[in-house]
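Student: The structure that follows is given in the form of structure tokens.
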Amino acid sequence: MSEQPTMGGFKGREHHYPIRVFYEDTDFTGIVYYANYLRFFERARSSFFRLVGFEHARLWDAEDPLAFAIRKIDLDYKKPARIDDHLTIVTTYDRFKGARLWVSQACYRGEELLVTAVSEAASITPEGRPKRAPKWMIETLKPYLLED
């Protein structure tokens, strides 16, 4: 029997993505290495996209290709996660304006908040230039965005 890896699920406009901390995620003390939260957050953002119907490879291979690049990210480390912890990454796609997309994320161990992140992504062309997101993408994301 083959299992598909989970992509998490939605609770309202929030996407909840489960993570198990493995040995490879930690430093020699058994605490999650700080840079690995970036990987956890990226997996959650990508899973959110997949669940709403956007696959990165398909967007890139489309007739009018599009990709996303993180332009800026702010992380606030509050408490450490440890080996074998079960974490949940909560992601909200907050706002789309032109070629920019703002995303808020938080890493929890149960109810305990460990790390927060706020990122700004840019939709780009194959040449790396900013590109306004297509209307169909904004319409698909509209139920998940904050109201203006």
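Chain labels follow the order of the structure tokens: the first chain is A, the next B, and so on; residue numbering restarts at 1 in every chain, and ligands are counted from 1 in their shown order.
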Using DSSP assignments from the backbone, pull out every residue in chain A that falls under alpha helix (DSSP H) and give it to me as a ChimeraX atom specification.
Tutor: /A:36-51,56-61,135-141
Student: Could you write those residues out with N, CA and C atoms, as a PDB file, in the first residue's frame?
Tutor:
```
ATOM      1  N   ASN A  36      16.195  25.618   9.489  1.00  0.00           N
ATOM      2  CA  ASN A  36      15.240  24.604   9.051  1.00  0.00           C
ATOM      3  C   ASN A  36      13.792  25.080   9.138  1.00  0.00           C
ATOM      4  N   TYR A  37      13.527  26.097   9.941  1.00  0.00           N
ATOM      5  CA  TYR A  37      12.173  26.649   9.962  1.00  0.00           C
ATOM      6  C   TYR A  37      11.823  27.231   8.594  1.00  0.00           C
ATOM      7  N   LEU A  38      12.816  27.775   7.896  1.00  0.00           N
ATOM      8  CA  LEU A  38      12.567  28.274   6.539  1.00  0.00           C
ATOM      9  C   LEU A  38      12.082  27.147   5.635  1.00  0.00           C
ATOM     10  N   ARG A  39      12.679  25.968   5.760  1.00  0.00           N
ATOM     11  CA  ARG A  39      12.243  24.800   4.981  1.00  0.00           C
ATOM     12  C   ARG A  39      10.828  24.390   5.371  1.00  0.00           C
ATOM     13  N   PHE A  40      10.551  24.362   6.665  1.00  0.00           N
ATOM     14  CA  PHE A  40       9.205  23.994   7.129  1.00  0.00           C
ATOM     15  C   PHE A  40       8.163  24.962   6.560  1.00  0.00           C
ATOM     16  N   PHE A  41       8.464  26.256   6.632  1.00  0.00           N
ATOM     17  CA  PHE A  41       7.530  27.264   6.138  1.00  0.00           C
ATOM     18  C   PHE A  41       7.350  27.149   4.626  1.00  0.00           C
ATOM     19  N   GLU A  42       8.416  26.871   3.894  1.00  0.00           N
ATOM     20  CA  GLU A  42       8.317  26.711   2.437  1.00  0.00           C
ATOM     21  C   GLU A  42       7.432  25.521   2.080  1.00  0.00           C
ATOM     22  N   ARG A  43       7.609  24.410   2.769  1.00  0.00           N
ATOM     23  CA  ARG A  43       6.766  23.232   2.505  1.00  0.00           C
ATOM     24  C   ARG A  43       5.289  23.563   2.728  1.00  0.00           C
ATOM     25  N   ALA A  44       5.015  24.312   3.785  1.00  0.00           N
ATOM     26  CA  ALA A  44       3.625  24.668   4.093  1.00  0.00           C
ATOM     27  C   ALA A  44       3.052  25.606   3.027  1.00  0.00           C
ATOM     28  N   ARG A  45       3.829  26.594   2.599  1.00  0.00           N
ATOM     29  CA  ARG A  45       3.337  27.504   1.549  1.00  0.00           C
ATOM     30  C   ARG A  45       3.076  26.742   0.257  1.00  0.00           C
ATOM     31  N   SER A  46       3.977  25.846  -0.110  1.00  0.00           N
ATOM     32  CA  SER A  46       3.803  25.059  -1.339  1.00  0.00           C
ATOM     33  C   SER A  46       2.610  24.118  -1.238  1.00  0.00           C
ATOM     34  N   SER A  47       2.393  23.528  -0.078  1.00  0.00           N
ATOM     35  CA  SER A  47       1.250  22.634   0.109  1.00  0.00           C
ATOM     36  C   SER A  47      -0.063  23.405   0.020  1.00  0.00           C
ATOM     37  N   PHE A  48      -0.096  24.592   0.580  1.00  0.00           N
ATOM     38  CA  PHE A  48      -1.266  25.462   0.451  1.00  0.00           C
ATOM     39  C   PHE A  48      -1.575  25.663  -1.025  1.00  0.00           C
ATOM     40  N   PHE A  49      -0.549  26.052  -1.793  1.00  0.00           N
ATOM     41  CA  PHE A  49      -0.730  26.278  -3.224  1.00  0.00           C
ATOM     42  C   PHE A  49      -1.274  25.034  -3.922  1.00  0.00           C
ATOM     43  N   ARG A  50      -0.697  23.871  -3.649  1.00  0.00           N
ATOM     44  CA  ARG A  50      -1.151  22.632  -4.291  1.00  0.00           C
ATOM     45  C   ARG A  50      -2.614  22.347  -3.983  1.00  0.00           C
ATOM     46  N   LEU A  51      -2.998  22.558  -2.731  1.00  0.00           N
ATOM     47  CA  LEU A  51      -4.372  22.269  -2.334  1.00  0.00           C
ATOM     48  C   LEU A  51      -5.385  23.176  -3.014  1.00  0.00           C
ATOM     49  N   HIS A  56       3.647  24.312  -8.681  1.00  0.00           N
ATOM     50  CA  HIS A  56       4.758  25.148  -9.140  1.00  0.00           C
ATOM     51  C   HIS A  56       5.284  24.733 -10.512  1.00  0.00           C
ATOM     52  N   ALA A  57       5.455  23.449 -10.739  1.00  0.00           N
ATOM     53  CA  ALA A  57       5.998  22.975 -12.021  1.00  0.00           C
ATOM     54  C   ALA A  57       5.050  23.329 -13.172  1.00  0.00           C
ATOM     55  N   ARG A  58       3.756  23.179 -12.946  1.00  0.00           N
ATOM     56  CA  ARG A  58       2.777  23.528 -13.998  1.00  0.00           C
ATOM     57  C   ARG A  58       2.760  25.025 -14.283  1.00  0.00           C
ATOM     58  N   LEU A  59       2.858  25.842 -13.230  1.00  0.00           N
ATOM     59  CA  LEU A  59       2.904  27.288 -13.433  1.00  0.00           C
ATOM     60  C   LEU A  59       4.129  27.677 -14.266  1.00  0.00           C
ATOM     61  N   TRP A  60       5.243  27.019 -14.007  1.00  0.00           N
ATOM     62  CA  TRP A  60       6.488  27.319 -14.704  1.00  0.00           C
ATOM     63  C   TRP A  60       6.482  26.816 -16.147  1.00  0.00           C
ATOM     64  N   ASP A  61       5.804  25.684 -16.382  1.00  0.00           N
ATOM     65  CA  ASP A  61       5.761  25.092 -17.721  1.00  0.00           C
ATOM     66  C   ASP A  61       4.596  25.604 -18.570  1.00  0.00           C
ATOM     67  N   LYS A 135      -5.372  37.102 -13.300  1.00  0.00           N
ATOM     68  CA  LYS A 135      -6.658  37.273 -12.605  1.00  0.00           C
ATOM     69  C   LYS A 135      -7.211  35.960 -12.071  1.00  0.00           C
ATOM     70  N   TRP A 136      -7.073  34.852 -12.838  1.00  0.00           N
ATOM     71  CA  TRP A 136      -7.616  33.574 -12.397  1.00  0.00           C
ATOM     72  C   TRP A 136      -6.944  33.117 -11.096  1.00  0.00           C
ATOM     73  N   MET A 137      -5.666  33.462 -10.922  1.00  0.00           N
ATOM     74  CA  MET A 137      -4.955  33.079  -9.698  1.00  0.00           C
ATOM     75  C   MET A 137      -5.468  33.902  -8.517  1.00  0.00           C
ATOM     76  N   ILE A 138      -5.629  35.188  -8.725  1.00  0.00           N
ATOM     77  CA  ILE A 138      -6.130  36.059  -7.663  1.00  0.00           C
ATOM     78  C   ILE A 138      -7.556  35.657  -7.277  1.00  0.00           C
ATOM     79  N   GLU A 139      -8.394  35.333  -8.275  1.00  0.00           N
ATOM     80  CA  GLU A 139      -9.766  34.899  -8.002  1.00  0.00           C
ATOM     81  C   GLU A 139      -9.784  33.597  -7.195  1.00  0.00           C
ATOM     82  N   THR A 140      -8.887  32.675  -7.522  1.00  0.00           N
ATOM     83  CA  THR A 140      -8.815  31.405  -6.792  1.00  0.00           C
ATOM     84  C   THR A 140      -8.408  31.640  -5.343  1.00  0.00           C
ATOM     85  N   LEU A 141      -7.486  32.571  -5.119  1.00  0.00           N
ATOM     86  CA  LEU A 141      -6.999  32.851  -3.766  1.00  0.00           C
ATOM     87  C   LEU A 141      -7.914  33.765  -2.956  1.00  0.00           C
TER      88      LEU A 141
END
```
Student: Per residue of stretch 87-122 of chain A within 8 Å of stretch 76-82 of chain A, what are the shortest atom pair and its distance in Å to one decimal, counting only C-alpha atoms, with rows by chain and residue number, as CSV?
Tutor:
```
residue,atom,partner,partner_atom,distance
A:Arg109,CA,A:Ala81,CA,7.5
A:Leu113,CA,A:Lys78,CA,7.3
A:Leu114,CA,A:Lys79,CA,4.7
A:Val115,CA,A:Tyr77,CA,4.6
A:Thr116,CA,A:Asp76,CA,5.2
A:Ala117,CA,A:Asp76,CA,6.5
```
Student: Keeping C-alpha atoms, export the residues of the selection given above as an mmCIF file, in the first residue's frame.
Tutor:
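Saved result, selection.cif, follows:
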```cif
data_model
loop_
_atom_site.group_PDB
_atom_site.id
_atom_site.type_symbol
_atom_site.label_atom_id
_atom_site.label_comp_id
_atom_site.auth_asym_id
_atom_site.auth_seq_id
_atom_site.Cartn_x
_atom_site.Cartn_y
_atom_site.Cartn_z
ATOM 1 C CA ARG A 109 3.814 22.642 19.169
ATOM 2 C CA LEU A 113 3.682 29.277 19.624
ATOM 3 C CA LEU A 114 7.329 28.677 18.689
ATOM 4 C CA VAL A 115 8.150 30.771 15.608
ATOM 5 C CA THR A 116 6.363 33.321 13.439
ATOM 6 C CA ALA A 117 7.161 34.444 9.911
#
```
Student: So which residues touch A:Arg132 within 12 Å, counting only C-alpha atoms, skipping near sequence neighbours fewer than 6 positions away, as a list in words?
Tutor: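 Skipping anything fewer than 6 positions along the chain leaves Asp64, Pro65, Leu66, Ala67, Phe68, Phe96, Lys97, Gly98, Ala99, Arg100, Leu101, Ala121, Ala122, Ser123, Ile124, Thr125 and Ile138 of chain A.
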Student: Of the candidates A:Glu120, A:Asp84, A:Glu55, A:Asp94, which one gets nearest to A:Thr26 if we count only C-alpha atoms?
Tutor: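 Of A:Glu120, A:Asp84, A:Glu55, A:Asp94, the one nearest A:Thr26, counting only C-alpha atoms, is A:Asp84.
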Student: Could you tell me how far atom CA of A:Val21 lies from atom CA of A:Ile83, in Å and to one decimal?
Tutor: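 Straight-line distance from atom CA of A:Val21 to atom CA of A:Ile83 works out to 5.2 Å.
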Student: Quick one: everything within 7 Å of A:Gln105, counting only C-alpha atoms, minus sequence neighbours fewer than 2 positions away in the same chain. Send it as a list of chain:residue names.
Tutor: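 The neighbour list is A:Ile89, A:Val90, A:Thr91, A:Thr92, A:Val103, A:Cys107, A:Thr116, A:Ala117, A:Val118.
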Student: Between A:Ala62, A:Ala35, A:Ile70, A:Ala106, which one has atoms that come closest to A:Tyr17, using only C-alpha atoms?
Tutor: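 Residue with the minimum atom-to-atom distance to A:Tyr17: A:Ala106.
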Student: Can you check which residues of stretch 10-133 of chain A DSSP gives as strand (DSSP E or B) on the backbone and send them as a VMD selection string?
Tutor: chain A and resid 10 to 11 14 to 20 26 31 to 32 67 to 77 82 86 to 97 100 to 109 112 to 124 130
Student: Smallest atom-to-atom distance to A:Tyr23: which of A:Asp85, A:Pro143, A:Leu75, A:Pro130, using only C-alpha atoms?
Tutor: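 Closest to A:Tyr23, using only C-alpha atoms: A:Asp85.
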Student: If you measure from atom CA of A:Lys72 to atom CA of A:Arg20, what distance in Å do you get, rounded to one decimal?
Tutor: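 Atom CA of A:Arg20 lies 26.1 Å from atom CA of A:Lys72.
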Student: Have a look at A:Ala69, A:Thr6, A:Pro18, A:Leu145 and name the one nearest to A:Pro126; count only C-alpha atoms.
Tutor: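 Selected residue with least distance to A:Pro126: A:Ala69.
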Student: To one decimal place in Å, what is the distance between atom CA of A:Glu112 and atom CA of A:Glu147?
Tutor: 27.5 Å
Student: A:Phe22, A:Arg95, A:Thr88, A:Ser104: which is nearest A:Ile73, counting only C-alpha atoms?
Tutor: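 When distances to A:Ile73 are compared using only C-alpha atoms, the smallest one comes from A:Ser104.
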